[in-house]
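Engineer: Have a look at this one.
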Amino acid sequence: MTTVKVKLTHKNYDVKIEKGLHQAIGEHIRSVWQPRKVVLITDSNVGPLYLSSAQEQLEKAGFEVLPIEVPAGESSKSLTKVGEIISQMAQAGFTRQDGVISLGGGMVGDLSGVVASLYMRGIAFIQVATSLTAQVDSSVGGKTAVNLGETKNIAGTFYQPDLVLVDSDYLDTLTDRDLVEGYGEVVKTSALEGQDFFDFTGKIRSVQDIRDHAPELSKRSIAYKAKVVMGDEKEAGQRRFLNFGHTFGHAIELLSHGSLRHGEAVAIGMVTITRIFEAEGISPQGLTQALIDRLQAVGLPISSDLVGTPLFFQHMINDKKNRGGVINMVALAQVGQPVIVPKPLDEIRSMI
Ligand SMILES: NC(=O)c1ccc[n+]([C@@H]2O[C@H](COP(=O)([O-])OP(=O)(O)OC[C@H]3O[C@@H](n4cnc5c(N)ncnc54)[C@H](O)[C@@H]3O)[C@@H](O)[C@H]2O)c1
Ligand SMILES: O=C(O)C(=O)C[C@@H](O)[C@H](O)[C@H](O)COP(=O)(O)O
Ligand SMILES: [Zn+2]
């Protein structure tokens with residue numbers, strides 16, 4: 001078992017990474033929580049595969065379980081779903097002493113986190129990460145959010161879990177496309193962390209390589225993310241680096257209306273922004289190609305016709321890094337050396 005410790009000002013928690021851990025969820029959760037009512041939130045793909053086992057284990061460990069399954073897909077990351085789940089919890093008599101457990105990928109984790117942070121102004125929360133995105137990124141760090149209309153992650157909180165469980169066995173049932181999507185965030189993390197991790201992703205040449213190395217990818221990605229979050233929980237400084245590729249990525253993801261997944265859009269966003277900064281001499285020559293090489297090796301997209309459309313620029317305005325028309329873009333001065341480059345929206349338009 002690998003345990004990554006997340007130590008914050010007001011809270012510490014463990015991220016436990018181990019193959020086969022899905023068979024011991026009840027014990028692990030019992031080691032941090034006394035028996036209580038828990039709402040176990042999952043989606044319509046993960047539920048049929050893993051809900052009954054998780055529920056059984058939790059009940060055996062003394063928990064009273066309210067299972068809730070939402071439709072799979074980004075459209076469930078909505079305030080409507082938050083309201084529905086909170087109503088069900090209230091009807092079931094949940095109190096401040098009870099808890100929320102997410103069993104799923106980044107969508108279920110982000111949605112459940114919002115529910116946990118809002119119910120009675122905040123009740124305990126645990127994440128069981130079942131997708132690669134969740135196992136390398138979304139389950140750690142406490143960013144929770146839902147989308148509103150056409151704006152990605154616009155309503156959310158910083159709300160840390162009490163425990164995160166990561167088991168690569170879950171990935172056996174994840175489609176190749178969903179696995180590869182999560183790998184987009186791994187390439188991001190490796191470029192941010194440094195040459196050693198970036199060399200490691202350079203050796204991943206196929207979807208099977210991702211599957212074979214998934215536990216290692218989780219450990220390295222989560223260790224890096226935990227370090228960044230421990231230094232800047234609320235994104236006042238270095239945490240902004242984790243948004244590399246996301247300003248363009250979020251716009252592309254939304255404009256694709258579900259045809260591009262989060263990690264796919266981030267892949268396009270990283271390549272697009274690095275190409276611009278490479279041309280400006282801010283990023284080193286050859287870095288765009290190095291990213292393309294890693295992304296294309298596993299079939300991730302590197303460009304989109306949506307980049308540069310009028311609606312694309314409209315989405316920039318809603319970026320959380322927009323400060324009065326100037327967006328703090330993340331660039332790589334070198335692999336392992338992210339920097340913030342403030343760019344006026346007009347300049348971004350002409351750069352593209
Ligand atoms: N909070 C954060 O820090 C953070 C970080 C990265 C991404 N995100 C968010 O996470 C979401 C993307 O994450 P995702 O790719 O996990 O999306 P997702 O949760 O929608 O999962 C992708 C697909 O895989 C399915 N799935 C998940 N686990 C499975 C399993 N074990 N077996 C079979 N199917 C499985 C899901 O049902 C879904 O259809 C986006 O909403 C993104 O904004 C948040
Ligand atoms: O944890 C973070 O911080 C990140 O930025 C991780 C990103 O991969 C993730 O997609 C995050 O949800 C984006 O956050 P947002 O603040 O740009 O919505
Ligand atoms: Zn992301």
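Residue numbering restarts at 1 for every chain of the structure tokens, chains are lettered A, B, ... in their displayed order, and ligands are numbered from 1 as they appear.
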I'd like the contact shell of A:Phe312 - 12 Å cut-off, only C-alpha atoms, skipping same-chain residues fewer than 6 positions apart - returned as a list in words.
Structural biologist: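 The filter keeps Glu150, Thr151, Thr247, Phe248, Gly249, His250, Ala251, Ile252, Glu253, Leu254, Leu255, Ser256, Gly269, Ser304, Asp305, Leu306, Asn318, Asp319, Leu345, Ile348, Arg349 and Ile352 of chain A.
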Engineer: Need to verify the contact set: A:Gly202, 12 Å, only C-alpha atoms, exclusion of same-chain residues closer than 6 positions in sequence. Can you return it as a list in words?
Structural biologist: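 Selected residues are Val186, Val187, Ser190, Ala191, Gln195, Asp196, Asp209, Ile210, Gln289, Ala290, Leu291, Ile292, Asp293, Arg294, Leu295, Gln296, Ala297 and Val298 of chain A.
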Engineer: Using only C-alpha atoms and all ligand atoms, what does the table of chain A residues within 8 Å of ligand 2 look like, with each row giving the shortest atom pair and its distance in Å to one decimal, sorted by chain and ascending number, as JSON lines?
Structural biologist:
```
{"residue": "A:Asp137", "atom": "CA", "partner": "ligand 2", "partner_atom_place_in_ligand_line": "8 (O)", "distance": 6.2}
{"residue": "A:Ser138", "atom": "CA", "partner": "ligand 2", "partner_atom_place_in_ligand_line": "9 (C)", "distance": 6.4}
{"residue": "A:Val140", "atom": "CA", "partner": "ligand 2", "partner_atom_place_in_ligand_line": "1 (O)", "distance": 7.3}
{"residue": "A:Gly141", "atom": "CA", "partner": "ligand 2", "partner_atom_place_in_ligand_line": "1 (O)", "distance": 5.7}
{"residue": "A:Gly142", "atom": "CA", "partner": "ligand 2", "partner_atom_place_in_ligand_line": "1 (O)", "distance": 7.3}
{"residue": "A:Lys143", "atom": "CA", "partner": "ligand 2", "partner_atom_place_in_ligand_line": "1 (O)", "distance": 5.8}
{"residue": "A:Thr144", "atom": "CA", "partner": "ligand 2", "partner_atom_place_in_ligand_line": "12 (O)", "distance": 7.3}
{"residue": "A:Ala145", "atom": "CA", "partner": "ligand 2", "partner_atom_place_in_ligand_line": "18 (O)", "distance": 7.3}
{"residue": "A:Lys152", "atom": "CA", "partner": "ligand 2", "partner_atom_place_in_ligand_line": "18 (O)", "distance": 6.6}
{"residue": "A:Asn153", "atom": "CA", "partner": "ligand 2", "partner_atom_place_in_ligand_line": "18 (O)", "distance": 4.7}
{"residue": "A:Ile154", "atom": "CA", "partner": "ligand 2", "partner_atom_place_in_ligand_line": "18 (O)", "distance": 6.9}
{"residue": "A:Glu185", "atom": "CA", "partner": "ligand 2", "partner_atom_place_in_ligand_line": "8 (O)", "distance": 6.4}
{"residue": "A:Lys225", "atom": "CA", "partner": "ligand 2", "partner_atom_place_in_ligand_line": "1 (O)", "distance": 7.5}
{"residue": "A:Val229", "atom": "CA", "partner": "ligand 2", "partner_atom_place_in_ligand_line": "3 (O)", "distance": 7.5}
{"residue": "A:Glu235", "atom": "CA", "partner": "ligand 2", "partner_atom_place_in_ligand_line": "3 (O)", "distance": 6.7}
{"residue": "A:Arg239", "atom": "CA", "partner": "ligand 2", "partner_atom_place_in_ligand_line": "3 (O)", "distance": 5.5}
{"residue": "A:Arg240", "atom": "CA", "partner": "ligand 2", "partner_atom_place_in_ligand_line": "3 (O)", "distance": 6.4}
{"residue": "A:Phe241", "atom": "CA", "partner": "ligand 2", "partner_atom_place_in_ligand_line": "5 (O)", "distance": 7.4}
{"residue": "A:Leu242", "atom": "CA", "partner": "ligand 2", "partner_atom_place_in_ligand_line": "5 (O)", "distance": 4.4}
{"residue": "A:Asn243", "atom": "CA", "partner": "ligand 2", "partner_atom_place_in_ligand_line": "5 (O)", "distance": 4.3}
{"residue": "A:Phe244", "atom": "CA", "partner": "ligand 2", "partner_atom_place_in_ligand_line": "5 (O)", "distance": 7.8}
{"residue": "A:His246", "atom": "CA", "partner": "ligand 2", "partner_atom_place_in_ligand_line": "17 (O)", "distance": 6.2}
{"residue": "A:Thr247", "atom": "CA", "partner": "ligand 2", "partner_atom_place_in_ligand_line": "17 (O)", "distance": 7.2}
{"residue": "A:His250", "atom": "CA", "partner": "ligand 2", "partner_atom_place_in_ligand_line": "17 (O)", "distance": 7.6}
{"residue": "A:His262", "atom": "CA", "partner": "ligand 2", "partner_atom_place_in_ligand_line": "10 (O)", "distance": 7.4}
{"residue": "A:Asp319", "atom": "CA", "partner": "ligand 2", "partner_atom_place_in_ligand_line": "17 (O)", "distance": 7.2}
{"residue": "A:Lys320", "atom": "CA", "partner": "ligand 2", "partner_atom_place_in_ligand_line": "16 (O)", "distance": 6.3}
```
Engineer: List the spatial neighbours of A:Glu278 as a PyMOL selection string - criterion: any atom at most 12 Å away, only C-alpha atoms, same-chain residues fewer than 2 positions off excluded.
Structural biologist: chain A and resi 270-276+280-290+331-334+351
Engineer: How about saving the chosen residues, N, CA and C atoms kept, as an mmCIF file, in the first residue's frame?
Structural biologist:
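Contents of result31.cif, as written:
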```cif
data_model
loop_
_atom_site.group_PDB
_atom_site.id
_atom_site.type_symbol
_atom_site.label_atom_id
_atom_site.label_comp_id
_atom_site.auth_asym_id
_atom_site.auth_seq_id
_atom_site.Cartn_x
_atom_site.Cartn_y
_atom_site.Cartn_z
ATOM 1 N N MET A 270 -3.259 22.216 -24.002
ATOM 2 C CA MET A 270 -1.812 22.263 -23.685
ATOM 3 C C MET A 270 -0.987 22.491 -24.942
ATOM 4 N N VAL A 271 -1.369 21.792 -26.017
ATOM 5 C CA VAL A 271 -0.609 21.913 -27.267
ATOM 6 C C VAL A 271 -0.783 23.327 -27.842
ATOM 7 N N THR A 272 -2.023 23.826 -27.823
ATOM 8 C CA THR A 272 -2.310 25.145 -28.413
ATOM 9 C C THR A 272 -1.553 26.251 -27.681
ATOM 10 N N ILE A 273 -1.605 26.215 -26.355
ATOM 11 C CA ILE A 273 -0.955 27.304 -25.599
ATOM 12 C C ILE A 273 0.571 27.190 -25.678
ATOM 13 N N THR A 274 1.078 25.953 -25.693
ATOM 14 C CA THR A 274 2.541 25.799 -25.732
ATOM 15 C C THR A 274 3.091 26.208 -27.096
ATOM 16 N N ARG A 275 2.315 25.942 -28.144
ATOM 17 C CA ARG A 275 2.755 26.368 -29.482
ATOM 18 C C ARG A 275 2.898 27.898 -29.508
ATOM 19 N N ILE A 276 1.923 28.579 -28.905
ATOM 20 C CA ILE A 276 1.979 30.049 -28.868
ATOM 21 C C ILE A 276 3.182 30.529 -28.057
ATOM 22 N N GLU A 280 6.660 32.616 -29.040
ATOM 23 C CA GLU A 280 7.034 33.881 -28.372
ATOM 24 C C GLU A 280 8.374 33.780 -27.646
ATOM 25 N N GLY A 281 8.952 32.590 -27.621
ATOM 26 C CA GLY A 281 10.246 32.412 -26.939
ATOM 27 C C GLY A 281 10.127 32.222 -25.438
ATOM 28 N N ILE A 282 8.884 32.053 -24.944
ATOM 29 C CA ILE A 282 8.704 31.838 -23.497
ATOM 30 C C ILE A 282 8.931 30.357 -23.163
ATOM 31 N N SER A 283 8.448 29.475 -24.027
ATOM 32 C CA SER A 283 8.688 28.030 -23.857
ATOM 33 C C SER A 283 9.816 27.604 -24.796
ATOM 34 N N PRO A 284 10.580 26.565 -24.403
ATOM 35 C CA PRO A 284 11.731 26.170 -25.219
ATOM 36 C C PRO A 284 11.324 25.529 -26.548
ATOM 37 N N GLN A 285 12.186 25.674 -27.541
ATOM 38 C CA GLN A 285 11.957 25.051 -28.852
ATOM 39 C C GLN A 285 11.808 23.542 -28.665
ATOM 40 N N GLY A 286 10.824 22.976 -29.314
ATOM 41 C CA GLY A 286 10.662 21.516 -29.290
ATOM 42 C C GLY A 286 9.702 21.018 -28.222
ATOM 43 N N LEU A 287 9.287 21.906 -27.306
ATOM 44 C CA LEU A 287 8.403 21.436 -26.231
ATOM 45 C C LEU A 287 7.013 21.059 -26.764
ATOM 46 N N THR A 288 6.497 21.836 -27.719
ATOM 47 C CA THR A 288 5.176 21.505 -28.278
ATOM 48 C C THR A 288 5.236 20.109 -28.893
ATOM 49 N N GLN A 289 6.304 19.850 -29.631
ATOM 50 C CA GLN A 289 6.434 18.544 -30.283
ATOM 51 C C GLN A 289 6.558 17.414 -29.243
ATOM 52 N N ALA A 290 7.256 17.702 -28.156
ATOM 53 C CA ALA A 290 7.410 16.679 -27.095
ATOM 54 C C ALA A 290 6.048 16.341 -26.477
ATOM 55 N N ALA A 331 2.236 28.837 -18.529
ATOM 56 C CA ALA A 331 3.195 28.460 -19.581
ATOM 57 C C ALA A 331 4.304 27.642 -18.947
ATOM 58 N N LEU A 332 5.014 26.885 -19.774
ATOM 59 C CA LEU A 332 6.171 26.146 -19.263
ATOM 60 C C LEU A 332 7.443 26.848 -19.754
ATOM 61 N N ALA A 333 8.190 27.440 -18.818
ATOM 62 C CA ALA A 333 9.475 28.057 -19.190
ATOM 63 C C ALA A 333 10.465 26.945 -19.526
ATOM 64 N N GLN A 334 10.278 25.812 -18.905
ATOM 65 C CA GLN A 334 10.996 24.560 -19.153
ATOM 66 C C GLN A 334 10.089 23.466 -18.628
ATOM 67 N N MET A 351 -2.963 36.320 -30.874
ATOM 68 C CA MET A 351 -2.004 35.209 -30.838
ATOM 69 C C MET A 351 -2.563 33.987 -31.555
#
```
Engineer: Return as a ChimeraX atom specification every polymer residue, whether protein, DNA or RNA, with at least one atom no more than 8 Å from an atom of ligand 1; count only C-alpha atoms and all ligand atoms.
Structural biologist: /A:43-46,49,72-74,77,104-110,129-134,137-146,152-153,169-175,178-179,181-182,185,261-263
Engineer: Just N, CA and C atoms for this one: save the residues we selected as a CSV table (one decimal), in the first residue's frame.
Structural biologist:
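Saved file again_21.csv follows:
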```
chain,number,residue,atom,x,y,z
A,43,ASP,N,-22.6,6.7,-10.5
A,43,ASP,CA,-23.3,7.0,-11.8
A,43,ASP,C,-23.7,5.7,-12.5
A,44,SER,N,-24.5,5.8,-13.6
A,44,SER,CA,-25.2,4.7,-14.2
A,44,SER,C,-24.2,3.7,-14.9
A,45,ASN,N,-22.9,4.1,-15.0
A,45,ASN,CA,-22.0,3.1,-15.6
A,45,ASN,C,-21.3,2.4,-14.4
A,46,VAL,N,-20.9,3.1,-13.4
A,46,VAL,CA,-20.1,2.5,-12.3
A,46,VAL,C,-21.1,1.7,-11.3
A,49,LEU,N,-21.7,-2.0,-11.8
A,49,LEU,CA,-20.4,-2.8,-11.6
A,49,LEU,C,-20.0,-2.9,-10.2
A,72,ALA,N,-24.7,8.7,-16.0
A,72,ALA,CA,-23.3,9.0,-16.3
A,72,ALA,C,-23.2,10.1,-17.3
A,73,GLY,N,-22.1,10.9,-17.2
A,73,GLY,CA,-21.9,12.0,-18.1
A,73,GLY,C,-21.9,13.3,-17.5
A,74,GLU,N,-21.2,14.2,-18.1
A,74,GLU,CA,-21.0,15.6,-17.6
A,74,GLU,C,-22.3,16.3,-17.2
A,77,LYS,N,-23.3,16.9,-13.7
A,77,LYS,CA,-22.6,17.8,-12.8
A,77,LYS,C,-23.3,19.1,-12.8
A,104,GLY,N,-16.9,6.7,-8.0
A,104,GLY,CA,-16.9,7.0,-9.5
A,104,GLY,C,-15.7,7.8,-9.9
A,105,GLY,N,-15.9,8.4,-11.1
A,105,GLY,CA,-14.8,9.2,-11.7
A,105,GLY,C,-14.9,10.7,-11.3
A,106,GLY,N,-14.3,11.5,-12.0
A,106,GLY,CA,-14.2,13.0,-11.7
A,106,GLY,C,-15.6,13.6,-11.6
A,107,MET,N,-16.5,13.2,-12.5
A,107,MET,CA,-17.8,13.8,-12.5
A,107,MET,C,-18.5,13.5,-11.2
A,108,VAL,N,-18.5,12.3,-10.8
A,108,VAL,CA,-19.2,11.9,-9.5
A,108,VAL,C,-18.5,12.5,-8.3
A,109,GLY,N,-17.2,12.6,-8.4
A,109,GLY,CA,-16.4,13.2,-7.3
A,109,GLY,C,-16.7,14.7,-7.1
A,110,ASP,N,-16.7,15.4,-8.2
A,110,ASP,CA,-16.9,16.8,-8.2
A,110,ASP,C,-18.4,17.1,-7.7
A,129,ALA,N,-12.1,6.5,-5.9
A,129,ALA,CA,-11.8,7.0,-7.3
A,129,ALA,C,-11.8,5.8,-8.2
A,130,THR,N,-12.7,5.8,-9.2
A,130,THR,CA,-12.8,4.6,-10.1
A,130,THR,C,-12.3,4.9,-11.5
A,131,SER,N,-12.1,6.1,-11.9
A,131,SER,CA,-11.5,6.4,-13.3
A,131,SER,C,-10.1,6.8,-13.2
A,132,LEU,N,-9.4,6.8,-14.3
A,132,LEU,CA,-8.0,7.2,-14.2
A,132,LEU,C,-7.9,8.7,-13.9
A,133,THR,N,-8.8,9.5,-14.4
A,133,THR,CA,-8.8,11.0,-14.1
A,133,THR,C,-8.9,11.1,-12.6
A,134,ALA,N,-9.8,10.4,-12.0
A,134,ALA,CA,-9.9,10.5,-10.5
A,134,ALA,C,-8.7,10.0,-9.8
A,137,ASP,N,-5.8,12.7,-10.4
A,137,ASP,CA,-6.0,14.2,-10.3
A,137,ASP,C,-7.2,14.5,-9.4
A,138,SER,N,-8.5,14.3,-9.9
A,138,SER,CA,-9.6,14.9,-9.4
A,138,SER,C,-10.0,14.6,-7.9
A,139,SER,N,-9.6,13.4,-7.4
A,139,SER,CA,-10.1,13.0,-6.1
A,139,SER,C,-9.3,13.7,-5.0
A,140,VAL,N,-8.1,14.3,-5.4
A,140,VAL,CA,-7.2,14.9,-4.4
A,140,VAL,C,-7.2,16.4,-4.5
A,141,GLY,N,-7.2,17.1,-3.4
A,141,GLY,CA,-7.0,18.5,-3.5
A,141,GLY,C,-8.3,19.4,-3.1
A,142,GLY,N,-9.4,18.7,-3.1
A,142,GLY,CA,-10.6,19.4,-2.6
A,142,GLY,C,-11.3,20.4,-3.5
A,143,LYS,N,-11.0,20.4,-4.8
A,143,LYS,CA,-11.8,21.2,-5.7
A,143,LYS,C,-13.1,20.5,-6.0
A,144,THR,N,-14.2,21.1,-5.7
A,144,THR,CA,-15.5,20.5,-6.1
A,144,THR,C,-16.2,21.5,-7.0
A,145,ALA,N,-17.1,21.0,-7.9
A,145,ALA,CA,-17.8,22.0,-8.7
A,145,ALA,C,-18.9,21.3,-9.6
A,146,VAL,N,-19.8,22.2,-9.9
A,146,VAL,CA,-20.8,21.8,-11.0
A,146,VAL,C,-20.8,22.8,-12.1
A,152,LYS,N,-18.2,25.9,-17.4
A,152,LYS,CA,-17.6,24.8,-16.7
A,152,LYS,C,-17.2,25.1,-15.3
A,153,ASN,N,-17.5,24.2,-14.3
A,153,ASN,CA,-17.0,24.4,-12.9
A,153,ASN,C,-17.2,25.8,-12.3
A,169,ASP,N,-7.5,-1.8,-10.0
A,169,ASP,CA,-8.4,-2.8,-10.5
A,169,ASP,C,-9.7,-2.2,-11.1
A,170,TYR,N,-10.1,-1.1,-10.6
A,170,TYR,CA,-11.3,-0.4,-11.2
A,170,TYR,C,-11.2,-0.1,-12.7
A,171,LEU,N,-9.9,0.1,-13.0
A,171,LEU,CA,-9.7,0.5,-14.4
A,171,LEU,C,-9.9,-0.6,-15.4
A,172,ASP,N,-10.0,-1.8,-14.9
A,172,ASP,CA,-10.2,-3.0,-15.8
A,172,ASP,C,-11.5,-2.8,-16.6
A,173,THR,N,-12.5,-2.1,-16.0
A,173,THR,CA,-13.8,-2.0,-16.7
A,173,THR,C,-13.9,-0.6,-17.4
A,174,LEU,N,-12.9,0.2,-17.3
A,174,LEU,CA,-13.0,1.6,-17.9
A,174,LEU,C,-12.7,1.4,-19.4
A,175,THR,N,-13.4,2.1,-20.2
A,175,THR,CA,-13.2,2.0,-21.7
A,175,THR,C,-11.8,2.6,-22.0
A,178,ASP,N,-12.0,6.4,-22.1
A,178,ASP,CA,-12.0,7.1,-20.8
A,178,ASP,C,-10.7,7.0,-20.0
A,179,LEU,N,-10.0,5.9,-20.3
A,179,LEU,CA,-8.7,5.7,-19.7
A,179,LEU,C,-7.7,6.8,-20.2
A,181,GLU,N,-8.3,9.5,-21.7
A,181,GLU,CA,-8.7,10.9,-21.3
A,181,GLU,C,-8.0,11.2,-20.0
A,182,GLY,N,-8.0,10.3,-19.1
A,182,GLY,CA,-7.3,10.6,-17.8
A,182,GLY,C,-5.8,10.7,-18.0
A,185,GLU,N,-4.3,14.2,-18.3
A,185,GLU,CA,-3.9,15.0,-17.0
A,185,GLU,C,-2.6,14.4,-16.5
A,261,ARG,N,-14.0,14.8,-24.3
A,261,ARG,CA,-13.9,14.6,-22.8
A,261,ARG,C,-13.0,15.6,-22.2
A,262,HIS,N,-13.0,15.8,-20.9
A,262,HIS,CA,-12.2,16.8,-20.2
A,262,HIS,C,-10.7,16.6,-20.6
A,263,GLY,N,-10.2,15.4,-20.4
A,263,GLY,CA,-8.8,15.2,-20.6
A,263,GLY,C,-8.4,15.4,-22.1
```
Engineer: Have a look at A:Thr3, A:Asn12, A:Gln238, A:Thr189 and name the one nearest to ligand 3; count only C-alpha atoms and all ligand atoms.
Structural biologist: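 Closest residue, counting only C-alpha atoms and all ligand atoms: A:Thr189.
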Engineer: Identify all residues of stretch 31-89 of chain A in alpha helix (DSSP H) (DSSP on the backbone) and supply them as a PyMOL selection string.
Structural biologist: chain A and resi 46+52-60+79-89
Engineer: Mind giving me the straight-line distance from atom CA of A:Gly156 to atom CA of A:Val114 in Å, one decimal?
Structural biologist: 6.2 Å
Engineer: Identify, on the basis of only C-alpha atoms, every residue whose closest approach to A:Ser31 does not exceed 10 Å; exclude the query and any residue fewer than 5 positions from it along the same chain; express the result as a short mmCIF file (atom, residue, chain, number, x, y, z; two decimals) with C-alpha atoms, in the first residue's frame.
Structural biologist:
```
data_model
loop_
_atom_site.label_atom_id
_atom_site.label_comp_id
_atom_site.auth_asym_id
_atom_site.auth_seq_id
_atom_site.Cartn_x
_atom_site.Cartn_y
_atom_site.Cartn_z
CA ILE A 25 -13.57 -0.34 1.23
CA GLY A 26 -15.68 -0.98 4.34
CA ALA A 61 -18.74 -2.35 8.69
CA LEU A 163 -9.91 9.88 2.83
#
```
Engineer: Apply DSSP to the structure's backbone, then extract all residues of stretch 53-155 of chain A labelled strand (DSSP E) and return them as JSON, numbers by chain.
Structural biologist: {"A": [64, 65, 66, 67, 68, 69, 70, 99, 100, 101, 102, 103, 104, 124, 125, 126, 127, 128, 129, 143, 144, 145, 146, 147, 148, 151, 152, 153, 154, 155]}
Engineer: When distances are computed from only C-alpha atoms and all ligand atoms, which of A:Phe197, A:Tyr183, A:Phe313, A:Phe277 shows the smallest separation from ligand 3?
Structural biologist: A:Tyr183
Engineer: Go ahead and compute the interatomic distance for atom CA of A:Lys11 and atom CA of A:Ile29, in Å to one decimal.
Structural biologist: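 One can read the atom CA of A:Lys11 to atom CA of A:Ile29 distance as 16.8 Å.
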Engineer: Pick out the closest residue to A:Ser259 from this set: A:Ile101, A:Arg177, A:His22, A:Val115. Count only C-alpha atoms.
Structural biologist: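 Nearest to A:Ser259: A:Arg177.
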Engineer: Rank A:Lys188, A:Arg205, A:Arg323, A:Arg211 by their smallest atom-to-atom distance to ligand 3, using only C-alpha atoms and all ligand atoms, and report the top residue only.
Structural biologist: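 Using only C-alpha atoms and all ligand atoms, the shortest distance to ligand 3 belongs to A:Lys188.
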Engineer: Need to verify the contact set: A:Gly122, 12 Å, only C-alpha atoms, exclusion of same-chain residues closer than 4 positions in sequence. Can you return it as a list in words?
Structural biologist: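 Final neighbour list, sorted by chain and number: Ile86, Phe94, Thr95, Arg96, Gln97, Asp98, Gly99, Val100, Ser112, Gly113, Val114, Val115, Ala116, Ser117, Leu118, Thr157, Phe158, Tyr159, Gln160 and Pro161 of chain A.
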Engineer: Now that the selection is made, can you save its residues with C-alpha atoms as a PDB file, in the first residue's frame?
Structural biologist:
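Result went into out-v3.pdb, see below:
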```pdb
ATOM      1  CA  ILE A  86     -29.648  17.027  -0.909  1.00  0.00           C
ATOM      2  CA  PHE A  94     -29.172  12.815   7.395  1.00  0.00           C
ATOM      3  CA  THR A  95     -27.560  14.952  10.127  1.00  0.00           C
ATOM      4  CA  ARG A  96     -24.246  16.778  10.429  1.00  0.00           C
ATOM      5  CA  GLN A  97     -22.705  13.633  11.906  1.00  0.00           C
ATOM      6  CA  ASP A  98     -23.337  11.622   8.721  1.00  0.00           C
ATOM      7  CA  GLY A  99     -21.304  11.385   5.518  1.00  0.00           C
ATOM      8  CA  VAL A 100     -21.059  11.460   1.734  1.00  0.00           C
ATOM      9  CA  SER A 112     -20.535  14.635  -4.482  1.00  0.00           C
ATOM     10  CA  GLY A 113     -18.041  17.162  -3.142  1.00  0.00           C
ATOM     11  CA  VAL A 114     -20.475  20.002  -3.768  1.00  0.00           C
ATOM     12  CA  VAL A 115     -23.232  18.019  -2.036  1.00  0.00           C
ATOM     13  CA  ALA A 116     -20.994  17.280   0.972  1.00  0.00           C
ATOM     14  CA  SER A 117     -19.857  20.879   1.299  1.00  0.00           C
ATOM     15  CA  LEU A 118     -23.405  22.275   1.131  1.00  0.00           C
ATOM     16  CA  THR A 157     -16.138  25.019  -3.235  1.00  0.00           C
ATOM     17  CA  PHE A 158     -12.788  24.023  -1.816  1.00  0.00           C
ATOM     18  CA  TYR A 159     -13.794  21.114   0.396  1.00  0.00           C
ATOM     19  CA  GLN A 160     -11.310  18.438   1.369  1.00  0.00           C
ATOM     20  CA  PRO A 161     -12.237  14.770   1.831  1.00  0.00           C
TER      21      PRO A 161
END
```
Engineer: Which distance in Å separates atom CA of A:Asp14 and atom CA of A:Leu165, to one decimal?
Structural biologist: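 Rounded to one decimal, the two atoms are 8.5 Å apart.
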